[in-house]
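Listing of final30.cif, mmCIF, C-alpha atoms
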```cif
data_input
#
loop_
_atom_site.label_atom_id
_atom_site.label_comp_id
_atom_site.auth_asym_id
_atom_site.auth_seq_id
_atom_site.Cartn_x
_atom_site.Cartn_y
_atom_site.Cartn_z
CA MET A 1 2.54 36.91 -19.09
CA LYS A 2 2.82 33.27 -18.01
CA ILE A 3 0.86 32.40 -14.89
CA LEU A 4 2.50 29.80 -12.66
CA LYS A 5 0.18 27.15 -11.28
CA ALA A 6 0.34 26.06 -7.68
CA GLN A 7 2.28 22.86 -7.18
CA GLU A 8 2.90 20.49 -4.34
CA PRO A 9 5.87 21.67 -2.23
CA TRP A 10 9.09 19.85 -3.09
CA ILE A 11 10.39 20.41 0.44
CA GLY A 12 9.15 17.49 2.51
CA ALA A 13 7.93 15.63 -0.55
CA ARG A 14 7.47 12.39 1.43
CA GLY A 15 5.97 14.05 4.48
CA ARG A 16 5.83 17.36 6.33
CA ILE A 17 5.29 16.41 9.95
CA GLY A 18 4.09 19.07 12.34
CA VAL A 19 5.39 18.44 15.86
CA ILE A 20 3.64 19.97 18.88
CA ILE A 21 5.95 20.50 21.86
CA PRO A 22 5.91 22.31 25.19
CA SER A 23 7.78 25.61 25.30
CA THR A 24 10.06 24.05 27.93
CA ASN A 25 11.10 21.11 25.76
CA ILE A 26 14.45 20.56 24.05
CA GLY A 27 14.46 16.75 23.91
CA VAL A 28 12.00 16.25 21.05
CA GLU A 29 13.82 18.49 18.57
CA TYR A 30 17.12 16.88 19.53
CA ASP A 31 15.75 13.41 18.80
CA CYS A 32 13.94 14.37 15.58
CA GLN A 33 17.13 15.88 14.21
CA ARG A 34 18.80 12.48 14.59
CA ILE A 35 16.15 10.63 12.60
CA LEU A 36 15.68 12.38 9.29
CA PRO A 37 14.84 10.15 6.30
CA PRO A 38 15.20 11.75 2.86
CA GLY A 39 12.11 13.70 1.86
CA ILE A 40 10.82 14.14 5.43
CA THR A 41 10.76 17.49 7.22
CA TRP A 42 9.94 18.25 10.86
CA HIS A 43 8.05 21.46 11.69
CA PHE A 44 7.85 22.43 15.36
CA ALA A 45 5.19 24.45 17.14
CA ARG A 46 5.51 25.28 20.85
CA PHE A 47 2.67 25.73 23.28
CA PHE A 48 3.34 28.02 26.22
CA VAL A 49 3.98 26.40 29.61
CA SER A 50 3.08 29.02 32.21
CA GLN A 51 3.43 26.55 35.09
CA PRO A 52 6.63 24.48 34.65
CA ASP A 53 6.91 23.53 38.35
CA LEU A 54 6.62 19.74 38.74
CA SER A 55 8.00 19.49 42.27
CA SER A 56 4.91 17.90 43.83
CA ASP A 57 1.76 16.05 42.82
CA ASN A 58 -0.27 19.25 43.14
CA MET A 59 2.16 21.20 40.99
CA PHE A 60 2.13 18.42 38.42
CA LEU A 61 -1.67 18.61 38.25
CA ALA A 62 -1.44 22.38 37.84
CA PHE A 63 0.97 21.83 34.95
CA ILE A 64 -1.52 19.49 33.23
CA ASP A 65 -4.35 21.98 33.68
CA ALA A 66 -2.23 24.82 32.27
CA ILE A 67 -1.14 23.02 29.08
CA ARG A 68 -4.68 21.98 28.25
CA GLU A 69 -5.37 25.66 27.62
CA THR A 70 -2.38 26.31 25.34
CA ILE A 71 -2.02 23.10 23.29
CA PRO A 72 -4.87 24.11 20.92
CA HIS A 73 -3.06 27.37 20.07
CA ALA A 74 0.02 25.48 18.88
CA MET A 75 -2.21 23.12 16.88
CA ARG A 76 -3.87 26.13 15.23
CA ASP A 77 -0.51 27.71 14.41
CA ILE A 78 1.12 24.61 12.92
CA MET A 79 -1.73 24.11 10.46
CA THR A 80 -0.69 27.28 8.60
CA CYS A 81 2.40 25.49 7.20
CA GLU A 82 0.11 22.82 5.70
CA PRO A 83 1.61 19.76 7.37
CA SER A 84 0.77 16.31 6.04
CA TYR A 85 0.73 14.79 9.53
CA ILE A 86 0.76 15.81 13.20
CA MET A 87 2.97 14.29 15.92
CA MET A 88 2.44 15.17 19.57
CA GLY A 89 5.85 15.81 21.16
CA MET A 90 4.49 15.76 24.71
CA SER A 91 3.37 12.73 26.64
CA ALA A 92 1.87 13.29 30.11
CA GLU A 93 -1.48 14.48 28.78
CA THR A 94 -1.68 11.55 26.34
CA PHE A 95 -1.67 9.02 29.20
CA TRP A 96 -4.13 10.92 31.37
CA GLY A 97 -7.37 9.09 32.02
CA GLY A 98 -6.24 5.78 30.56
CA LEU A 99 -7.51 4.56 27.20
CA GLU A 100 -10.65 6.67 27.38
CA GLY A 101 -8.70 9.78 28.28
CA ASN A 102 -6.28 9.25 25.38
CA ALA A 103 -9.17 8.76 22.95
CA GLU A 104 -10.79 11.99 24.15
CA PHE A 105 -7.47 13.84 23.87
CA GLU A 106 -6.93 12.66 20.29
CA ALA A 107 -10.53 13.53 19.40
CA ARG A 108 -9.99 17.11 20.60
CA LEU A 109 -6.93 17.37 18.39
CA ARG A 110 -8.76 16.04 15.35
CA ASP A 111 -11.44 18.67 15.86
CA ILE A 112 -8.69 21.21 15.19
CA VAL A 113 -6.78 19.57 12.33
CA GLY A 114 -9.76 18.04 10.55
CA PRO A 115 -10.45 14.50 9.33
CA ASP A 116 -7.82 14.32 6.59
CA ILE A 117 -4.66 14.66 8.67
CA GLY A 118 -3.44 11.86 10.94
CA VAL A 119 -2.28 12.39 14.51
CA THR A 120 0.23 10.39 16.56
CA SER A 121 0.08 10.63 20.34
CA GLY A 122 2.86 9.41 22.61
CA ALA A 123 0.80 6.88 24.54
CA ALA A 124 -0.69 5.30 21.41
CA ALA A 125 2.74 5.16 19.74
CA LEU A 126 4.22 3.30 22.72
CA THR A 127 1.53 0.64 22.61
CA ALA A 128 2.02 0.23 18.85
CA ALA A 129 5.75 -0.24 19.46
CA LEU A 130 5.15 -2.79 22.22
CA ASP A 131 2.74 -4.68 19.99
CA ALA A 132 5.34 -4.74 17.20
CA PHE A 133 7.71 -6.54 19.57
CA GLY A 134 4.96 -8.78 20.94
CA ALA A 135 5.68 -7.60 24.50
CA LYS A 136 3.25 -8.58 27.23
CA THR A 137 5.00 -7.65 30.47
CA VAL A 138 6.57 -4.20 30.70
CA ALA A 139 8.26 -1.80 33.09
CA ALA A 140 8.40 1.98 32.69
CA ILE A 141 10.60 4.93 33.62
CA THR A 142 9.26 8.49 33.71
CA PRO A 143 10.47 11.93 34.85
CA TYR A 144 7.14 12.42 36.64
CA GLN A 145 5.82 12.66 40.15
CA SER A 146 3.73 9.77 41.51
CA VAL A 147 0.48 11.27 40.19
CA GLY A 148 1.86 11.02 36.65
CA ASP A 149 3.25 7.51 37.14
CA VAL A 150 -0.21 6.30 38.15
CA GLN A 151 -1.58 7.52 34.83
CA VAL A 152 1.17 5.79 32.84
CA GLN A 153 0.54 2.51 34.65
CA ARG A 154 -3.22 2.82 34.19
CA PHE A 155 -2.91 3.42 30.46
CA LEU A 156 -0.54 0.51 29.94
CA GLU A 157 -2.66 -1.87 32.00
CA GLU A 158 -5.86 -0.83 30.23
CA SER A 159 -4.01 -1.44 26.96
CA GLY A 160 -3.54 -5.07 27.99
CA TYR A 161 -0.01 -5.16 29.40
CA ASN A 162 1.17 -6.52 32.70
CA VAL A 163 3.12 -3.69 34.34
CA THR A 164 5.73 -4.85 36.84
CA LYS A 165 6.87 -1.41 37.94
CA VAL A 166 6.82 2.30 37.07
CA VAL A 167 9.66 4.42 38.45
CA GLY A 168 9.37 8.20 38.34
CA LEU A 169 12.49 10.35 38.63
CA LYS A 170 10.45 13.21 40.14
CA CYS A 171 12.12 16.01 38.20
CA ASP A 172 11.58 19.48 39.70
CA THR A 173 10.49 21.32 36.56
CA ALA A 174 9.39 20.61 33.01
CA THR A 175 12.65 22.19 31.81
CA SER A 176 14.99 20.33 34.16
CA ILE A 177 13.80 16.97 32.83
CA ALA A 178 16.20 17.48 29.91
CA HIS A 179 19.13 17.88 32.31
CA THR A 180 18.71 14.46 33.94
CA PRO A 181 22.15 12.78 33.94
CA PRO A 182 22.23 9.74 31.65
CA HIS A 183 23.74 7.63 34.43
CA GLU A 184 20.61 8.21 36.54
CA VAL A 185 18.42 6.82 33.77
CA ILE A 186 20.75 3.88 33.16
CA ASP A 187 20.98 3.02 36.87
CA THR A 188 17.20 3.15 37.25
CA ILE A 189 16.68 0.78 34.35
CA LEU A 190 19.37 -1.69 35.36
CA ARG A 191 18.74 -1.71 39.13
CA GLN A 192 15.03 -1.09 39.47
CA LEU A 193 13.21 -2.02 36.28
CA ASP A 194 14.90 -4.88 34.47
CA GLY A 195 14.12 -8.47 35.34
CA GLN A 196 13.69 -11.87 33.74
CA ASP A 197 9.92 -11.40 33.76
CA VAL A 198 10.09 -8.10 31.83
CA ASP A 199 9.66 -8.30 28.04
CA ALA A 200 10.30 -4.62 27.35
CA ILE A 201 11.09 -1.35 29.10
CA VAL A 202 9.48 1.91 28.03
CA GLN A 203 10.16 5.55 28.87
CA ALA A 204 7.63 8.35 29.05
CA GLY A 205 8.35 12.09 29.21
CA THR A 206 9.42 13.62 25.90
CA ASN A 207 11.99 16.01 27.37
CA LEU A 208 13.94 13.00 28.67
CA SER A 209 15.90 11.98 25.58
CA GLY A 210 17.00 8.35 25.47
CA ILE A 211 18.04 8.15 21.85
CA ASP A 212 21.78 8.11 22.61
CA ILE A 213 21.75 5.55 25.43
CA PHE A 214 18.83 3.19 24.87
CA PRO A 215 20.24 1.35 21.82
CA THR A 216 23.22 0.25 23.92
CA LEU A 217 20.92 -0.82 26.77
CA GLU A 218 18.92 -2.97 24.35
CA LYS A 219 22.05 -4.84 23.33
CA GLN A 220 23.13 -5.20 26.95
CA LEU A 221 19.76 -6.46 28.20
CA GLY A 222 18.69 -8.34 25.09
CA LYS A 223 15.21 -6.78 25.07
CA PRO A 224 13.48 -3.68 23.69
CA VAL A 225 14.12 -0.45 25.59
CA ILE A 226 11.82 2.09 23.96
CA PRO A 227 12.00 5.87 24.48
CA ILE A 228 8.74 7.65 23.77
CA ASN A 229 10.29 10.09 21.28
CA VAL A 230 11.61 7.26 19.11
CA ALA A 231 8.23 5.52 19.33
CA THR A 232 6.34 8.63 18.20
CA ILE A 233 8.85 9.35 15.42
CA TRP A 234 8.60 5.75 14.22
CA HIS A 235 4.81 5.77 14.39
CA ALA A 236 4.49 9.08 12.52
CA LEU A 237 6.90 7.99 9.79
CA ARG A 238 5.20 4.65 9.25
CA ALA A 239 1.80 6.38 9.15
CA GLN A 240 3.19 8.51 6.31
CA GLY A 241 4.27 5.39 4.42
CA VAL A 242 7.95 5.99 5.16
CA ASP A 243 9.37 2.53 5.87
CA ASP A 244 13.07 3.43 5.86
CA LYS A 245 15.08 1.47 8.41
CA ILE A 246 17.24 3.74 10.56
CA TYR A 247 20.24 2.05 12.17
CA GLY A 248 21.90 3.00 15.44
CA ARG A 249 18.73 4.50 16.95
CA GLY A 250 17.27 1.36 18.48
CA TRP A 251 15.62 -1.88 17.43
CA LEU A 252 12.24 -0.27 16.73
CA MET A 253 13.63 1.83 13.88
CA GLU A 254 15.81 -1.01 12.65
CA ARG A 255 13.29 -3.88 12.62
CA PHE A 256 9.80 -2.52 11.96
#
```
Output the file's structure in the form of structure tokens.
Amino acid sequence: MKILKAQEPWIGARGRIGVIIPSTNIGVEYDCQRILPPGITWHFARFFVSQPDLSSDNMFLAFIDAIRETIPHAMRDIMTCEPSYIMMGMSAETFWGGLEGNAEFEARLRDIVGPDIGVTSGAAALTAALDAFGAKTVAAITPYQSVGDVQVQRFLEESGYNVTKVVGLKCDTATSIAHTPPHEVIDTILRQLDGQDVDAIVQAGTNLSGIDIFPTLEKQLGKPVIPINVATIWHALRAQGVDDKIYGRGWLMERF
């Protein structure tokens, strides 16, 4: 009897990217399904959000505390499909504590996945995207309460950017972030964030999908408008050596 030898999987031959997302999130999967180069597969693992209430600073802090307990379980689970790379499809925790906090967060993840698999976090991907454009002065939109906005501003400033303004939409729950009307996002960017002194505008909060509206805003404003999901997707793909240019999903995917 012929014995078949184990072979490398042909599914996801260029990269099998494990994506870690909150159980409340629908935005990340939506965006990943719109950027799918040949030979790349996305594999999602959800960590349970027992405390989705974001209606106040205290509730937002409780949310952060709760997900710190469940993120490692999703990391453990995703490793059983033998991914070639890990992408974090959540962002608040990646900004927490500034540069040092992000480094500690990524170190905890690498303790789980081991030294041979790369990890992309949302905060680090945004800075890589900003550096690709050469941006120095930025503004940011988030779905967070003020306590979360402070962390986004701190991380960006510690990363070397001048931050003109961070506007949080103060969404009530982690789930309702996805139901934010596009016109609210557009109005916030046009009326509160854009200015002649702003090189680029970024968006945090992975359940707030901007993939359908931000490319048009870039053309209208003549500057990068970078949603965090596109930044993390771009960063993870490039880390896997996938340099395909994707058109219609924003300048980041088209130019770098």
Inset, instruction - Considering only C-alpha atoms, return as a list in words whatever protein or nucleic-acid residues lie within 10 Å of A:Leu54, sequence-local ones (same chain, fewer than 4 positions apart) excluded. - result: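 Contacts, with the query itself left out: Asn58, Met59, Phe60, Leu61, Ala62, Phe63, Ile64, Pro143, Tyr144, Gln145, Lys170, Cys171, Asp172, Thr173, Ala174, Thr175, Ser176 and Ile177 of chain A.
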Selected by the PyMOL selection byres ((chain A and resi 205-209) around 9) in the shown coordinates: which residues, as a PDB file with C-alpha atoms, in the frame of the given file?
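Printed below is expr.pdb as written:
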```
ATOM      1  CA  ILE A  21       5.950  20.500  21.860  1.00  0.00           C
ATOM      2  CA  THR A  24      10.060  24.050  27.930  1.00  0.00           C
ATOM      3  CA  ASN A  25      11.100  21.110  25.760  1.00  0.00           C
ATOM      4  CA  ILE A  26      14.450  20.560  24.050  1.00  0.00           C
ATOM      5  CA  GLY A  27      14.460  16.750  23.910  1.00  0.00           C
ATOM      6  CA  VAL A  28      12.000  16.250  21.050  1.00  0.00           C
ATOM      7  CA  TYR A  30      17.120  16.880  19.530  1.00  0.00           C
ATOM      8  CA  ASP A  31      15.750  13.410  18.800  1.00  0.00           C
ATOM      9  CA  GLY A  89       5.850  15.810  21.160  1.00  0.00           C
ATOM     10  CA  MET A  90       4.490  15.760  24.710  1.00  0.00           C
ATOM     11  CA  SER A  91       3.370  12.730  26.640  1.00  0.00           C
ATOM     12  CA  ALA A  92       1.870  13.290  30.110  1.00  0.00           C
ATOM     13  CA  GLY A 122       2.860   9.410  22.610  1.00  0.00           C
ATOM     14  CA  ILE A 141      10.600   4.930  33.620  1.00  0.00           C
ATOM     15  CA  THR A 142       9.260   8.490  33.710  1.00  0.00           C
ATOM     16  CA  PRO A 143      10.470  11.930  34.850  1.00  0.00           C
ATOM     17  CA  TYR A 144       7.140  12.420  36.640  1.00  0.00           C
ATOM     18  CA  ALA A 174       9.390  20.610  33.010  1.00  0.00           C
ATOM     19  CA  THR A 175      12.650  22.190  31.810  1.00  0.00           C
ATOM     20  CA  SER A 176      14.990  20.330  34.160  1.00  0.00           C
ATOM     21  CA  ILE A 177      13.800  16.970  32.830  1.00  0.00           C
ATOM     22  CA  ALA A 178      16.200  17.480  29.910  1.00  0.00           C
ATOM     23  CA  HIS A 179      19.130  17.880  32.310  1.00  0.00           C
ATOM     24  CA  THR A 180      18.710  14.460  33.940  1.00  0.00           C
ATOM     25  CA  GLN A 203      10.160   5.550  28.870  1.00  0.00           C
ATOM     26  CA  ALA A 204       7.630   8.350  29.050  1.00  0.00           C
ATOM     27  CA  GLY A 210      17.000   8.350  25.470  1.00  0.00           C
ATOM     28  CA  ILE A 211      18.040   8.150  21.850  1.00  0.00           C
ATOM     29  CA  ASP A 212      21.780   8.110  22.610  1.00  0.00           C
ATOM     30  CA  ILE A 213      21.750   5.550  25.430  1.00  0.00           C
ATOM     31  CA  PRO A 227      12.000   5.870  24.480  1.00  0.00           C
ATOM     32  CA  ILE A 228       8.740   7.650  23.770  1.00  0.00           C
ATOM     33  CA  ASN A 229      10.290  10.090  21.280  1.00  0.00           C
TER      34      ASN A 229
END
```
Inset, instruction - Write out as a list in words which residues come within 9 Å of A:Pro38 when counting all atoms listed in the file, dropping same-chain ones fewer than 4 positions away. - result: Gly12, Ala13 and Arg14 of chain A
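Distances here use all atoms listed in the file; by that measure, the residue among A:Gly250, A:Gly98, A:Gly222, A:Pro215 closest to A:Trp234 is A:Gly250.
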Inset, instruction - Quick one: pull the distance between atom CA of A:Ser55 and atom CA of A:Val163, Å, one decimal. - result: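 Atom CA of A:Val163 lies 25.0 Å from atom CA of A:Ser55.
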Inset, instruction - Show which residues sit within 7 Å of stretch 73-82 of chain A, as number ranges by chain. Count all atoms listed in the file, and ignore same-chain residues fewer than 6 positions away. - result: A: 18, 20, 45-47, 112
Legend entry - Polymer residues at most 8 Å from A:Ala139, only C-alpha atoms, same-chain spacing of 4 or more positions, as a ChimeraX atom specification: /A:163-166,193-194,198,200-202
Inset, instruction - I need the residue set behind the PyMOL selection byres ((chain A and resi 85-87) around 8) for this file; please write it as number ranges by chain. - result: A: 15-20, 83-84, 88-89, 117-121, 232-233, 236, 240
Inset, instruction - Pick out the closest residue to A:Val150 from this set: A:Glu106, A:Phe133, A:Pro182, A:Phe95. Count all atoms listed in the file. - result: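 Counting all atoms listed in the file, the residue closest to A:Val150 is A:Phe95.
Omitting A:Gly160 and its sequence neighbours fewer than 6 positions away, and counting all atoms listed in the file, the residues within 10 Å are Thr127, Lys136 and Thr137 of chain A.
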Inset, instruction - Name the residues that the PyMOL selection byres ((chain A and resi 35) around 9) pulls out of this structure, and write them as a ChimeraX atom specification. - result: /A:31-34,36-37,230,233,246,249
Save the residues we just selected, C-alpha atoms, as a PDB file, in the frame of the given file?
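Output saved as again.pdb:
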```pdb
ATOM      1  CA  ASP A  31      15.750  13.410  18.800  1.00  0.00           C
ATOM      2  CA  CYS A  32      13.940  14.370  15.580  1.00  0.00           C
ATOM      3  CA  GLN A  33      17.130  15.880  14.210  1.00  0.00           C
ATOM      4  CA  ARG A  34      18.800  12.480  14.590  1.00  0.00           C
ATOM      5  CA  LEU A  36      15.680  12.380   9.290  1.00  0.00           C
ATOM      6  CA  PRO A  37      14.840  10.150   6.300  1.00  0.00           C
ATOM      7  CA  VAL A 230      11.610   7.260  19.110  1.00  0.00           C
ATOM      8  CA  ILE A 233       8.850   9.350  15.420  1.00  0.00           C
ATOM      9  CA  ILE A 246      17.240   3.740  10.560  1.00  0.00           C
ATOM     10  CA  ARG A 249      18.730   4.500  16.950  1.00  0.00           C
TER      11      ARG A 249
END
```
Inset, instruction - Report the distance between atom CA of A:Asp57 and atom CA of A:Ser146 in Å, rounded to one decimal place. - result: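 Separating atom CA of A:Asp57 from atom CA of A:Ser146 is a distance of 6.7 Å.
Atom to atom, atom CA of A:Lys223 and atom CA of A:Val242 stand 24.7 Å apart.
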Inset, instruction - Could you check which of A:Leu130, A:Leu221, A:Ala66, A:Val147 is closest to A:Ser159, using only C-alpha atoms? - result: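 That would be A:Leu130, the residue with the smallest distance to A:Ser159.
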